[in-house]
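Notes follow once the structure below has been shown.
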2 protein chains.
Amino acid sequence: MASGNEIILLEHGSGGQASQELLEEVFFPLLKDVLPLDSALLAPAAEGKMAFTTDTFVVTPIFFPGGDIGSLAVHGTINDLAMVGARPLYLSVAFILEEGLPLDTLKRVVSSLAEAARRAGVQVVCGDTKVVPRGKADQVFINTSGLGLVPPGTDVRPERIVPGDAIIVSGPIAEHGLAVLSAREDLGLEGLRSDSQPLHRAVSALLEELGPDLHALRDPTRGGLGSTLNELAEECRATFVLHEEALPLRPEVEAGCEILGLDPLYLACEGRFVAFVAPERAEDALAVLKRLPETDSASVVGEVVSGPPRVLLRTRYGGTRVVTRLRGEALPRIC
Amino acid sequence: MASGNEIILLEHGSGGQASQELLEEVFFPLLKDVLPLDSALLAPAAEGKMAFTTDTFVVTPIFFPGGDIGSLAVHGTINDLAMVGARPLYLSVAFILEEGLPLDTLKRVVSSLAEAARRAGVQVVCGDTKVVPRGKADQVFINTSGLGLVPPGTDVRPERIVPGDAIIVSGPIAEHGLAVLSAREDLGLEGLRSDSQPLHRAVSALLEELGPDLHALRDPTRGGLGSTLNELAEECRATFVLHEEALPLRPEVEAGCEILGLDPLYLACEGRFVAFVAPERAEDALAVLKRLPETDSASVVGEVVSGPPRVLLRTRYGGTRVVTRLRGEALPRIC
């Protein structure tokens, strides 16, 4: 395993000498800045509650414009923690590697994962690697589980959404899903880039500004904004009204969706959230978000009204359509 | 998805309607006794430290004598926590499903996982499911991450192993590895059964009896007792001397290993630990362990002596051989 064209072998998953070499030559050096010394024992939460979440990443291709499976695995789990108001602290990272994976590919992925953790200020505190024979996995799958601290008094959850709430989207939608699809199918669409990024700092800023006037948060990943809003409408038993002309959408994404006949409302984001806030605080929320690069295109896209659980879209032309829940799988393996 | 011959489809991983149905028809009902109401927010640790660990399970076949991938995924992570002296509290569970997996197979696995969690007294607090196309995984892979509480004053780690320590093995070795191999290759060996079981109660009893005289613990999983002891010898920089006639081994396992030419020292256990204790407390340790069904065959198998990091075996015939670290992969996918 010195250098060159090495590949992953089954013995790298044996728990013996080759496993140790993989740890010492790939994982430990590449993760050294984010690995604490006393790896698995964590200081207890002083106050507040701990949030615990898990997510597995099976995205294909593993490298795409704007990210890769390594950074996505960090951002995805950080964002799950942020959506319950938690400050992300610790991650576990577990790899399933397909026999034959080039070692250089693994190093790129692990480097990217480490860089994402470093930038986000989280520590990778434990890990695992399994190797399966060729044809029993697809290059690399990564599970990350995350632990975060929810500050005392924080209470963001769908049950707090009430009629009147403003619905804010933190940035342009559908970018991750379309970028991954374009890379996978080699569609040659120009200017697409995943929005994969960590959102915990924006959430902290929003919580600090709004306090209890921030009612709920969610990241529209699999199934996109359309599916996410339908889930939330069910959970709070209210109707959401969206204004099509207010939905943030980059021209390249709009054009790509038109060419491919895809509805951007069902394409995944990996670096956006939807926030429900008391209407009198919507402008304050936007002011805070627009100061941060990750949320500088945030906008109010609609409001909550009394009514049965459903999502309505007021179109550019004055009509109204129901945004239904996604049926079937429009786009598998985008995360 | 009412009943019958349903299989997993890609749309079950979509995040949309079919995903919701899978949650409501499989995961929620089968896990209901171990799923807390407020799923991801955990009470903080009052005192002591939190232990956090992760492990992915890719065992094949997924059902084997004495267990299956579901119960194994619970026991494995519980035992990782127990080995640092932690009381297991919470688990995350993340599935990768291969398209086409029979739904009944998934239900059996989830039921077994839930039953194992219930018996062990741990809660499943968060989860995830991904579906990949046929041929991109192998039926089902499961990641579990675990959180546990290390009581104040607990300090079990390899660096505390000192010359003189008694080496205790908690039960017969090599049973999991040989049972899985026999099931996979349909070898028809009789009387084999995985030792997969949770060890946290035995560890708690041992900690309570021995206090700081319990120096270190580890579970000899991948690579078996031979690899595990080599790792520990490196970590504490001492020589371990084992006595072959003292190694607990069931006759069926010994016979199976002889037929297949396998060394039981390198076959995985999934329900055993090796403990290093102050020699004057070895009898007390055995007395505690022998009272519990999961460790009723515990025995002293050797001792720690000053010397270079290595593992020596005194054979039945009075000779001595070095137990080397495993090279290559004797038996892939046993966990």
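The chains in the structure tokens are called A, B, ... from first to last as shown; in each chain the residues are counted from 1, and the ligands are counted from 1 in the order shown.
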TODO: Please report, as a PyMOL selection string, each residue of segment 161-262 of chain B to which DSSP assigns alpha helix (DSSP H) when run on this structure's backbone.
DONE: chain B and resi 175-185+200-210+224-236+251-260
Taking N, CA and C atoms for each residue, export the selection above as a short mmCIF file (atom, residue, chain, number, x, y, z; two decimals), in the first residue's frame.
data_model
loop_
_atom_site.label_atom_id
_atom_site.label_comp_id
_atom_site.auth_asym_id
_atom_site.auth_seq_id
_atom_site.Cartn_x
_atom_site.Cartn_y
_atom_site.Cartn_z
N GLU B 175 -17.32 -19.53 17.64
CA GLU B 175 -18.63 -20.10 17.30
C GLU B 175 -19.36 -19.29 16.24
N HIS B 176 -19.28 -17.97 16.33
CA HIS B 176 -19.97 -17.16 15.32
C HIS B 176 -19.36 -17.38 13.94
N GLY B 177 -18.06 -17.24 13.85
CA GLY B 177 -17.39 -17.37 12.55
C GLY B 177 -17.66 -18.72 11.89
N LEU B 178 -17.56 -19.79 12.66
CA LEU B 178 -17.75 -21.12 12.08
C LEU B 178 -19.22 -21.36 11.71
N ALA B 179 -20.15 -20.86 12.53
CA ALA B 179 -21.57 -21.04 12.22
C ALA B 179 -21.94 -20.31 10.93
N VAL B 180 -21.43 -19.10 10.76
CA VAL B 180 -21.74 -18.33 9.55
C VAL B 180 -21.11 -19.00 8.32
N LEU B 181 -19.86 -19.42 8.47
CA LEU B 181 -19.19 -20.09 7.35
C LEU B 181 -19.94 -21.35 6.93
N SER B 182 -20.35 -22.13 7.93
CA SER B 182 -21.04 -23.38 7.64
C SER B 182 -22.37 -23.12 6.94
N ALA B 183 -23.09 -22.09 7.40
CA ALA B 183 -24.37 -21.75 6.78
C ALA B 183 -24.16 -21.24 5.36
N ARG B 184 -23.14 -20.41 5.18
CA ARG B 184 -22.91 -19.81 3.86
C ARG B 184 -22.55 -20.86 2.83
N GLU B 185 -21.66 -21.76 3.22
CA GLU B 185 -21.15 -22.74 2.26
C GLU B 185 -21.95 -24.04 2.32
N HIS B 200 -23.45 -6.43 27.75
CA HIS B 200 -23.35 -5.28 28.65
C HIS B 200 -23.70 -5.61 30.10
N ARG B 201 -24.61 -6.58 30.30
CA ARG B 201 -24.97 -6.90 31.69
C ARG B 201 -23.81 -7.61 32.39
N ALA B 202 -23.13 -8.49 31.67
CA ALA B 202 -21.96 -9.16 32.26
C ALA B 202 -20.86 -8.15 32.58
N VAL B 203 -20.69 -7.18 31.69
CA VAL B 203 -19.66 -6.16 31.92
C VAL B 203 -20.03 -5.30 33.14
N SER B 204 -21.29 -4.94 33.25
CA SER B 204 -21.72 -4.16 34.42
C SER B 204 -21.45 -4.92 35.71
N ALA B 205 -21.78 -6.21 35.71
CA ALA B 205 -21.57 -7.03 36.91
C ALA B 205 -20.09 -7.10 37.25
N LEU B 206 -19.27 -7.22 36.21
CA LEU B 206 -17.83 -7.31 36.43
C LEU B 206 -17.27 -6.00 36.96
N LEU B 207 -17.74 -4.90 36.40
CA LEU B 207 -17.29 -3.57 36.87
C LEU B 207 -17.69 -3.35 38.32
N GLU B 208 -18.90 -3.78 38.64
CA GLU B 208 -19.38 -3.58 40.00
C GLU B 208 -18.53 -4.38 40.99
N GLU B 209 -18.17 -5.61 40.61
CA GLU B 209 -17.40 -6.47 41.50
C GLU B 209 -15.94 -6.01 41.59
N LEU B 210 -15.35 -5.69 40.45
CA LEU B 210 -13.89 -5.46 40.43
C LEU B 210 -13.49 -3.99 40.55
N GLY B 224 -10.92 -12.63 15.11
CA GLY B 224 -10.93 -13.57 16.23
C GLY B 224 -10.04 -13.17 17.40
N LEU B 225 -9.92 -14.11 18.35
CA LEU B 225 -9.14 -13.85 19.56
C LEU B 225 -7.67 -13.57 19.23
N GLY B 226 -7.14 -14.28 18.22
CA GLY B 226 -5.73 -14.10 17.87
C GLY B 226 -5.42 -12.68 17.44
N SER B 227 -6.24 -12.12 16.56
CA SER B 227 -6.00 -10.75 16.09
C SER B 227 -6.25 -9.74 17.20
N THR B 228 -7.31 -9.96 17.97
CA THR B 228 -7.65 -9.03 19.05
C THR B 228 -6.53 -8.95 20.08
N LEU B 229 -5.99 -10.10 20.46
CA LEU B 229 -4.92 -10.08 21.46
C LEU B 229 -3.66 -9.43 20.90
N ASN B 230 -3.39 -9.64 19.61
CA ASN B 230 -2.23 -8.97 19.02
C ASN B 230 -2.39 -7.45 19.06
N GLU B 231 -3.58 -6.97 18.73
CA GLU B 231 -3.84 -5.52 18.81
C GLU B 231 -3.59 -4.99 20.21
N LEU B 232 -4.16 -5.71 21.19
CA LEU B 232 -4.04 -5.25 22.59
C LEU B 232 -2.58 -5.30 23.06
N ALA B 233 -1.85 -6.34 22.66
CA ALA B 233 -0.44 -6.46 23.07
C ALA B 233 0.35 -5.26 22.54
N GLU B 234 0.03 -4.85 21.31
CA GLU B 234 0.67 -3.65 20.74
C GLU B 234 0.32 -2.41 21.56
N GLU B 235 -0.95 -2.32 21.94
CA GLU B 235 -1.40 -1.11 22.62
C GLU B 235 -0.83 -0.98 24.02
N CYS B 236 -0.62 -2.11 24.71
CA CYS B 236 -0.08 -2.01 26.09
C CYS B 236 1.40 -2.36 26.15
N PRO B 251 -16.71 -28.96 21.55
CA PRO B 251 -16.22 -30.08 20.72
C PRO B 251 -16.66 -29.95 19.25
N GLU B 252 -17.91 -29.47 19.01
CA GLU B 252 -18.38 -29.35 17.62
C GLU B 252 -17.54 -28.33 16.85
N VAL B 253 -17.13 -27.28 17.55
CA VAL B 253 -16.34 -26.24 16.90
C VAL B 253 -14.93 -26.74 16.65
N GLU B 254 -14.38 -27.44 17.63
CA GLU B 254 -13.04 -27.99 17.46
C GLU B 254 -13.02 -28.97 16.29
N ALA B 255 -14.05 -29.82 16.22
CA ALA B 255 -14.13 -30.80 15.13
C ALA B 255 -14.27 -30.10 13.78
N GLY B 256 -15.15 -29.09 13.73
CA GLY B 256 -15.37 -28.35 12.49
C GLY B 256 -14.09 -27.68 12.01
N CYS B 257 -13.37 -27.08 12.93
CA CYS B 257 -12.12 -26.41 12.57
C CYS B 257 -11.10 -27.42 12.05
N GLU B 258 -11.06 -28.60 12.66
CA GLU B 258 -10.11 -29.61 12.20
C GLU B 258 -10.45 -30.08 10.79
N ILE B 259 -11.73 -30.32 10.55
CA ILE B 259 -12.16 -30.78 9.22
C ILE B 259 -11.80 -29.75 8.15
N LEU B 260 -12.01 -28.47 8.49
CA LEU B 260 -11.83 -27.42 7.49
C LEU B 260 -10.42 -26.84 7.49
#
Task: Spatial neighbours of segment 159-173 of chain B, 9 Å, only C-alpha atoms, chain gap at least 6 places, as a ChimeraX atom specification - done: /B:195,214-216,220,224-225,232-233,235-242,247-250,253,264-265,267-269,271-282,285-286,289-290,294-307
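For Phe63 of chain B, the residues within 12 Å (counting only C-alpha atoms, excluding itself and residues fewer than 2 positions away along the chain) are Val58, Val59, Thr60, Pro61, Pro65, Gly66, Gly67, Asp68, Ile69, Gly70, Ser71, Leu72, Thr105, Leu106, Arg108, Val109, Ser112, Gln139, Val140, Ala179, Val180, Leu181, Ser182, Ala183, Arg184, Arg193, Ser194, Ile334 and Cys335 of chain B.
Among the candidates B:Ser145, B:Thr315, B:Thr77, B:Gln197, the one nearest to chain A when counting only C-alpha atoms is B:Ser145.
For the pair atom CA of Leu149 of chain B and atom CA of Ala117 of chain A, the separation is 24.9 Å.
Taking only C-alpha atoms, the non-local environment of Gly85 of chain B within 8 Å (same-chain residues fewer than 3 positions away omitted) comprises Leu81, Ala82, Val150, Pro151, Thr154, Asp155, Val156, Val203, Ser204 and Leu207 of chain B.
Secondary structure of segment 180-298 of chain B, strand (DSSP E) only (DSSP, backbone atoms): Leu214, His215, Ala216, Leu217, Arg218, Thr239, Phe240, Val241, Leu242, His243, Val274, Ala275, Phe276 and Val277 of chain B.
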Open item on the list: Can you measure atom CA of Ile8 of chain A to atom CA of Phe57 of chain B for me? One decimal in Å is fine.
Closed with: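 Result for atom CA of Ile8 of chain A versus atom CA of Phe57 of chain B: 18.2 Å, one decimal.
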